[in-house]
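Scroll down for the structure; my scribbles are underneath it.
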Amino acid sequence: MIIPCVTMLAQGKNYPATPFVTKSPMVHDPVMAYEDGLYYLYSTGMGLWQLTSKDRKEWTVHPTPLMTVMPVWTRDSVPGFRHHVWAPDVIQWHGRWWMAYSCSTFGRNTSAIGLLSTKKLANAIWEDEGCVVASREKRDDWNAIDPCFVIDGQDRPWLVWGSFWDGIQLVRLDSTMHAAAGERPRTIARRYAPGYRYAAPNPTSKYAGGNAIEAPFIMKHGDYYYLFVSWDYCCMGPKSTYRVAVGRSKSVEGPYVDREGRDMLLGGGTLVLEGDKKHFEAAGHCAAYSLKGEDIFICHGYRTGGKGEAVLIQRAIRWTDDGWLSLDAIDAE
């Protein structure tokens with residue numbers, strides 16, 4: 001069920017405004033955009049973190065968050081939510097930049113996906129566009145977090161999202177980037193086929209169950225849409241088990257199948273990245289782009305040793321003759 005949300009603003013908190021430069025930014029759930037010679041990176045954080053770079057090697061971290069105020073509807077829709085905003089996505093469509101973001105509390109599926117928009121990324125003033133979709137505990141068997149926009153071959157926008165419960169969801173949007181009239185979410189990928197008996201309880205939440213799939217991202221390449229998902233468990237530092245799998249379809253609506261022909265709706269997926277145990281214990285929550293003649297894959301990885309901090313990973317996408325992909329390291333790591 002699609003839930004409309006009333007849009008009002010609540011006063012936020014003051015943040016420092018001294019930027020700093022790093023070659024190894026600590027980020028969680030990164031997404032990227034490019035405008036006027038500058039790369040923009042957005043990630044989970046208090047109000048959403050912002051980074052910029054001219055070359056994707058040195059990143060300027062801007063401590064002032066993208067959202068210095070929180071819409072009142074976010075607190076009304078998600079009890080316990082305050083300023084820690086998760087898993088954004090950003091896309092340019094019809095002359096405007098659109099930003100989706102997640103409002104939730106860990107391990108629960110009372111959640112909401114909010115929407116912002118602006119004309120330019122530089123010195124952007126983002127307009128609150130309200131709520132795109134919301135889920136409710138004990139009502140919905142899906143979780144409204146981890147959004148990703150995708151535009152199909154007919155210039156129609158879609159939103160894909162989801163975490164645990166019944167897996168990855170998809171819905172068609174209208175010209176305002178809200179759910180189109182009469183559209184309802186549908187499941188397009190699961191970690192396991194329905195009826196599978198999970199081998200072990202969820203170590204991160206007693207509420208979410210064992211359908212450990214989330215963080216979808218759809219990239220169009222050639223004749224196919226490629227659906228990336230993250231399997232297993234994030235957010236446990238060096239104990240994290242995150243990894244990325246992919247499937248593809250000639251329709252944005254699916255079915256998405258892996259390299260062996262297995263349907264992702266029934267637990268299929270071809271593994272493309274996991275922790276190498278040298279630099280990263282685990283890696284996940286990815287995004288993939290064609291920018292300036294390059295096909296780029298980004299995600300966060302949990303460093304080996306120490307506390308397992310989440311840092312940016314960048315890889316070049318290499319395409320095989322049969323239309324599948326592999327990843328090559330392009331950063332120092």
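Within each chain, counting starts at residue 1; across the structure tokens, chains are named A, B, ... in the order shown, with ligands numbered 1 upward in that order.
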
List every residue of segment 120-197 of chain A that has an atom at most 9 Å from any atom of segment 238-260 of chain A, and for each one report the closest atom pair and its distance in Å to one decimal, counting only C-alpha atoms, with rows sorted by chain and then by increasing residue number, as a tab-separated table.
```
residue	atom	partner	partner_atom	distance
A:Val150	CA	A:Val252	CA	8.2
A:Ile151	CA	A:Val252	CA	8.6
A:Asp152	CA	A:Val252	CA	6.5
A:Gly153	CA	A:Val252	CA	8.9
A:Trp158	CA	A:Val252	CA	8.4
A:Leu170	CA	A:Glu253	CA	7.5
A:Val171	CA	A:Glu253	CA	8.7
A:Ile188	CA	A:Gly254	CA	6.8
A:Ala189	CA	A:Tyr256	CA	7.7
```

Would you output that residue set with all heavy atoms, as a PDB file, in the first residue's frame?
```
ATOM      1  N   VAL A 150      15.433   3.993 -11.526  1.00  0.00           N
ATOM      2  CA  VAL A 150      15.862   3.498 -12.824  1.00  0.00           C
ATOM      3  C   VAL A 150      14.890   4.036 -13.872  1.00  0.00           C
ATOM      4  O   VAL A 150      13.676   4.117 -13.620  1.00  0.00           O
ATOM      5  CB  VAL A 150      15.934   1.959 -12.860  1.00  0.00           C
ATOM      6  CG1 VAL A 150      14.597   1.323 -12.513  1.00  0.00           C
ATOM      7  CG2 VAL A 150      16.441   1.458 -14.203  1.00  0.00           C
ATOM      8  N   ILE A 151      15.418   4.448 -15.032  1.00  0.00           N
ATOM      9  CA  ILE A 151      14.601   4.953 -16.137  1.00  0.00           C
ATOM     10  C   ILE A 151      14.601   3.895 -17.225  1.00  0.00           C
ATOM     11  O   ILE A 151      15.658   3.450 -17.671  1.00  0.00           O
ATOM     12  CB  ILE A 151      15.161   6.286 -16.695  1.00  0.00           C
ATOM     13  CG1 ILE A 151      15.394   7.282 -15.548  1.00  0.00           C
ATOM     14  CG2 ILE A 151      14.206   6.847 -17.746  1.00  0.00           C
ATOM     15  CD1 ILE A 151      14.171   7.633 -14.740  1.00  0.00           C
ATOM     16  N   ASP A 152      13.418   3.483 -17.685  1.00  0.00           N
ATOM     17  CA  ASP A 152      13.355   2.414 -18.686  1.00  0.00           C
ATOM     18  C   ASP A 152      13.495   2.967 -20.105  1.00  0.00           C
ATOM     19  O   ASP A 152      13.666   4.177 -20.304  1.00  0.00           O
ATOM     20  CB  ASP A 152      12.080   1.571 -18.512  1.00  0.00           C
ATOM     21  CG  ASP A 152      10.797   2.310 -18.879  1.00  0.00           C
ATOM     22  OD1 ASP A 152      10.845   3.391 -19.526  1.00  0.00           O
ATOM     23  OD2 ASP A 152       9.710   1.800 -18.531  1.00  0.00           O
ATOM     24  N   GLY A 153      13.417   2.094 -21.091  1.00  0.00           N
ATOM     25  CA  GLY A 153      13.611   2.485 -22.487  1.00  0.00           C
ATOM     26  C   GLY A 153      12.526   3.373 -23.041  1.00  0.00           C
ATOM     27  O   GLY A 153      12.687   3.957 -24.123  1.00  0.00           O
ATOM     28  N   TRP A 158      11.152   4.325 -12.508  1.00  0.00           N
ATOM     29  CA  TRP A 158      10.773   3.265 -11.594  1.00  0.00           C
ATOM     30  C   TRP A 158      11.579   3.435 -10.316  1.00  0.00           C
ATOM     31  O   TRP A 158      12.641   4.052 -10.310  1.00  0.00           O
ATOM     32  CB  TRP A 158      11.068   1.893 -12.183  1.00  0.00           C
ATOM     33  CG  TRP A 158      10.336   1.580 -13.449  1.00  0.00           C
ATOM     34  CD1 TRP A 158      10.574   2.099 -14.698  1.00  0.00           C
ATOM     35  CD2 TRP A 158       9.246   0.663 -13.608  1.00  0.00           C
ATOM     36  NE1 TRP A 158       9.710   1.562 -15.617  1.00  0.00           N
ATOM     37  CE2 TRP A 158       8.880   0.666 -14.971  1.00  0.00           C
ATOM     38  CE3 TRP A 158       8.553  -0.183 -12.729  1.00  0.00           C
ATOM     39  CZ2 TRP A 158       7.851  -0.120 -15.472  1.00  0.00           C
ATOM     40  CZ3 TRP A 158       7.529  -0.971 -13.227  1.00  0.00           C
ATOM     41  CH2 TRP A 158       7.179  -0.937 -14.588  1.00  0.00           C
ATOM     42  N   LEU A 170       9.676  -3.412  -6.448  1.00  0.00           N
ATOM     43  CA  LEU A 170       9.721  -2.521  -7.609  1.00  0.00           C
ATOM     44  C   LEU A 170       8.357  -1.904  -7.819  1.00  0.00           C
ATOM     45  O   LEU A 170       7.320  -2.568  -7.668  1.00  0.00           O
ATOM     46  CB  LEU A 170      10.108  -3.318  -8.857  1.00  0.00           C
ATOM     47  CG  LEU A 170      10.152  -2.558 -10.186  1.00  0.00           C
ATOM     48  CD1 LEU A 170      11.437  -1.722 -10.275  1.00  0.00           C
ATOM     49  CD2 LEU A 170      10.080  -3.519 -11.372  1.00  0.00           C
ATOM     50  N   VAL A 171       8.326  -0.613  -8.178  1.00  0.00           N
ATOM     51  CA  VAL A 171       7.076   0.049  -8.537  1.00  0.00           C
ATOM     52  C   VAL A 171       7.362   1.121  -9.586  1.00  0.00           C
ATOM     53  O   VAL A 171       8.431   1.731  -9.593  1.00  0.00           O
ATOM     54  CB  VAL A 171       6.389   0.672  -7.294  1.00  0.00           C
ATOM     55  CG1 VAL A 171       7.086   1.957  -6.847  1.00  0.00           C
ATOM     56  CG2 VAL A 171       4.905   0.925  -7.538  1.00  0.00           C
ATOM     57  N   ILE A 188      10.799  -8.725  -6.751  1.00  0.00           N
ATOM     58  CA  ILE A 188      11.558  -9.156  -7.931  1.00  0.00           C
ATOM     59  C   ILE A 188      12.803  -9.965  -7.567  1.00  0.00           C
ATOM     60  O   ILE A 188      13.422 -10.555  -8.456  1.00  0.00           O
ATOM     61  CB  ILE A 188      11.953  -7.963  -8.827  1.00  0.00           C
ATOM     62  CG1 ILE A 188      12.827  -6.965  -8.071  1.00  0.00           C
ATOM     63  CG2 ILE A 188      10.703  -7.283  -9.399  1.00  0.00           C
ATOM     64  CD1 ILE A 188      13.425  -5.884  -8.967  1.00  0.00           C
ATOM     65  N   ALA A 189      13.180 -10.013  -6.289  1.00  0.00           N
ATOM     66  CA  ALA A 189      14.354 -10.807  -5.900  1.00  0.00           C
ATOM     67  C   ALA A 189      14.283 -11.145  -4.422  1.00  0.00           C
ATOM     68  O   ALA A 189      13.830 -10.339  -3.602  1.00  0.00           O
ATOM     69  CB  ALA A 189      15.651 -10.055  -6.197  1.00  0.00           C
TER      70      ALA A 189
END
```

Which parts of segment 45-157 of chain A does DSSP call alpha helix (DSSP H) when run on the backbone here, written out as a PyMOL selection string? chain A and resi 72-77

Env of segment 205-218 of chain A: 8 Å cut, atoms = only C-alpha atoms, seq-sep filter 5 positions within chain, self excluded. Answer as a PyMOL selection string. chain A and resi 106-109+146-150+160-168+190-192+198+200+225-233+285-288

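Atom CA of Met99 of chain A sits 13.2 Å away from atom CA of Ile145 of chain A.
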
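The shell of residues at most 8 Å from Thr110 of chain A, with only C-alpha atoms counted and near chain neighbours (fewer than 6 positions) removed, consists of Ser77, Val78, Ser104, Ala134, Ser135, Arg136, Glu137, Asn143 and Ala144 of chain A.
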
In Å, rounded to a single decimal, give me how far atom CA of Pro185 of chain A is from atom CA of Gly267 of chain A. 18.6 Å

If you take only C-alpha atoms and a cut-off of 9 Å, which residues of segment 112-167 of chain A touch segment 28-40 of chain A, and what are their nearest atom pairs and distances in Å to one decimal, in chain and number order, as CSV?
```
residue,atom,partner,partner_atom,distance
A:Lys120,CA,A:Glu35,CA,8.2
A:Leu121,CA,A:Glu35,CA,7.2
A:Ala122,CA,A:Glu35,CA,8.2
A:Asp146,CA,A:Asp29,CA,8.6
```

Can you check which parts of segment 83-149 of chain A lie within 9 Å of segment 62-73 of chain A? Per residue, the shortest pair of atoms and distance in Å to one decimal, counting only C-alpha atoms, sorted by chain and number, as CSV.
```
residue,atom,partner,partner_atom,distance
A:His83,CA,A:Met70,CA,6.9
A:Val85,CA,A:Met67,CA,8.9
A:Ala124,CA,A:Leu66,CA,8.6
A:Ile125,CA,A:Leu66,CA,8.8
A:Trp126,CA,A:Leu66,CA,8.1
A:Asp128,CA,A:Pro71,CA,7.5
A:Gly130,CA,A:Trp73,CA,7.9
A:Cys131,CA,A:Trp73,CA,8.1
```

Export C-alpha atoms of the chosen residues as a JSON list (two decimals), in the first residue's frame?
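Result file is part23.json:
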```
[["chain", "number", "residue", "atom", "x", "y", "z"],
["A", 83, "HIS", "CA", 18.57, 12.65, 11.93],
["A", 85, "VAL", "CA", 19.41, 9.19, 7.23],
["A", 124, "ALA", "CA", 22.10, 22.91, -4.05],
["A", 125, "ILE", "CA", 18.98, 23.94, -2.21],
["A", 126, "TRP", "CA", 16.97, 20.73, -2.10],
["A", 128, "ASP", "CA", 11.26, 18.48, 0.08],
["A", 130, "GLY", "CA", 7.43, 14.37, 0.57],
["A", 131, "CYS", "CA", 7.17, 10.60, 0.90]]
```

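The smallest atom-to-atom distance between Gly45 of chain A and any of A:Ile298, A:Ala329, A:Val27, A:Leu115, using only C-alpha atoms, is found for A:Val27.
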
Among the residues of segment 112-291 of chain A, find those DSSP assigns to strand (DSSP E) from the backbone and print them as number ranges by chain. A: 112-118, 127-135, 148-151, 157-161, 168-172, 186-189, 213-221, 224-231, 243-249, 270-274, 280-291

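Shell of Arg315 of chain A at 9 Å, with only C-alpha atoms counted and residues fewer than 6 places along the chain excluded, is Asp295, Ile296, Phe297, Ile298, Cys299, Leu327, Asp328, Ala329, Ile330 and Asp331 of chain A.
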
For the residues in that selection, give me all heavy atoms as a CSV table (one decimal), in the first residue's frame.
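Result went into result.csv, see below:
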```
chain,number,residue,atom,x,y,z
A,295,ASP,N,32.6,2.6,-17.2
A,295,ASP,CA,31.6,1.9,-16.4
A,295,ASP,C,32.2,1.6,-15.1
A,295,ASP,O,33.2,0.9,-14.9
A,295,ASP,CB,31.1,0.6,-17.1
A,295,ASP,CG,30.3,0.8,-18.4
A,295,ASP,OD1,29.8,2.0,-18.5
A,295,ASP,OD2,30.2,-0.1,-19.2
A,296,ILE,N,31.5,2.2,-14.0
A,296,ILE,CA,32.1,2.2,-12.7
A,296,ILE,C,31.2,1.6,-11.7
A,296,ILE,O,30.0,1.8,-11.7
A,296,ILE,CB,32.3,3.7,-12.3
A,296,ILE,CG1,33.2,4.5,-13.3
A,296,ILE,CG2,32.9,3.8,-10.9
A,296,ILE,CD1,33.1,6.0,-13.1
A,297,PHE,N,31.8,0.8,-10.8
A,297,PHE,CA,31.1,0.1,-9.7
A,297,PHE,C,31.6,0.7,-8.4
A,297,PHE,O,32.9,0.8,-8.3
A,297,PHE,CB,31.3,-1.4,-9.8
A,297,PHE,CG,30.8,-2.2,-8.6
A,297,PHE,CD1,29.6,-2.9,-8.7
A,297,PHE,CD2,31.5,-2.3,-7.5
A,297,PHE,CE1,29.2,-3.7,-7.7
A,297,PHE,CE2,31.1,-3.1,-6.4
A,297,PHE,CZ,29.9,-3.8,-6.5
A,298,ILE,N,30.7,1.1,-7.5
A,298,ILE,CA,31.2,1.6,-6.2
A,298,ILE,C,30.4,0.9,-5.1
A,298,ILE,O,29.3,0.4,-5.4
A,298,ILE,CB,31.1,3.1,-6.0
A,298,ILE,CG1,29.6,3.6,-6.1
A,298,ILE,CG2,31.9,3.9,-7.1
A,298,ILE,CD1,29.4,5.0,-5.7
A,299,CYS,N,31.0,0.8,-3.9
A,299,CYS,CA,30.3,0.2,-2.8
A,299,CYS,C,31.1,0.6,-1.6
A,299,CYS,O,32.1,1.3,-1.6
A,299,CYS,CB,30.1,-1.3,-2.9
A,299,CYS,SG,31.6,-2.2,-2.8
A,327,LEU,N,34.8,-7.3,-12.2
A,327,LEU,CA,35.2,-6.1,-11.6
A,327,LEU,C,36.8,-6.0,-11.5
A,327,LEU,O,37.4,-7.0,-11.0
A,327,LEU,CB,34.6,-5.9,-10.2
A,327,LEU,CG,33.1,-5.9,-10.2
A,327,LEU,CD1,32.6,-5.8,-8.8
A,327,LEU,CD2,32.5,-4.8,-11.1
A,328,ASP,N,37.4,-4.9,-11.9
A,328,ASP,CA,38.8,-4.7,-11.8
A,328,ASP,C,39.1,-3.6,-10.8
A,328,ASP,O,38.4,-2.5,-10.8
A,328,ASP,CB,39.4,-4.3,-13.1
A,328,ASP,CG,39.4,-5.5,-14.1
A,328,ASP,OD1,39.2,-6.6,-13.7
A,328,ASP,OD2,39.7,-5.2,-15.3
A,329,ALA,N,40.1,-3.8,-10.0
A,329,ALA,CA,40.4,-2.7,-9.0
A,329,ALA,C,41.0,-1.5,-9.7
A,329,ALA,O,41.8,-1.6,-10.6
A,329,ALA,CB,41.5,-3.2,-8.0
A,330,ILE,N,40.5,-0.3,-9.3
A,330,ILE,CA,41.0,0.9,-9.9
A,330,ILE,C,41.4,1.9,-8.8
A,330,ILE,O,41.7,3.1,-9.1
A,330,ILE,CB,40.0,1.6,-10.8
A,330,ILE,CG1,38.6,1.8,-10.1
A,330,ILE,CG2,39.8,0.8,-12.1
A,330,ILE,CD1,37.6,2.6,-10.9
A,331,ASP,N,41.4,1.5,-7.6
A,331,ASP,CA,41.9,2.4,-6.5
A,331,ASP,C,43.0,1.7,-5.7
A,331,ASP,O,43.3,0.5,-5.9
A,331,ASP,CB,40.7,2.8,-5.6
A,331,ASP,CG,40.0,1.5,-5.0
A,331,ASP,OD1,40.3,0.4,-5.4
A,331,ASP,OD2,39.1,1.7,-4.2
```
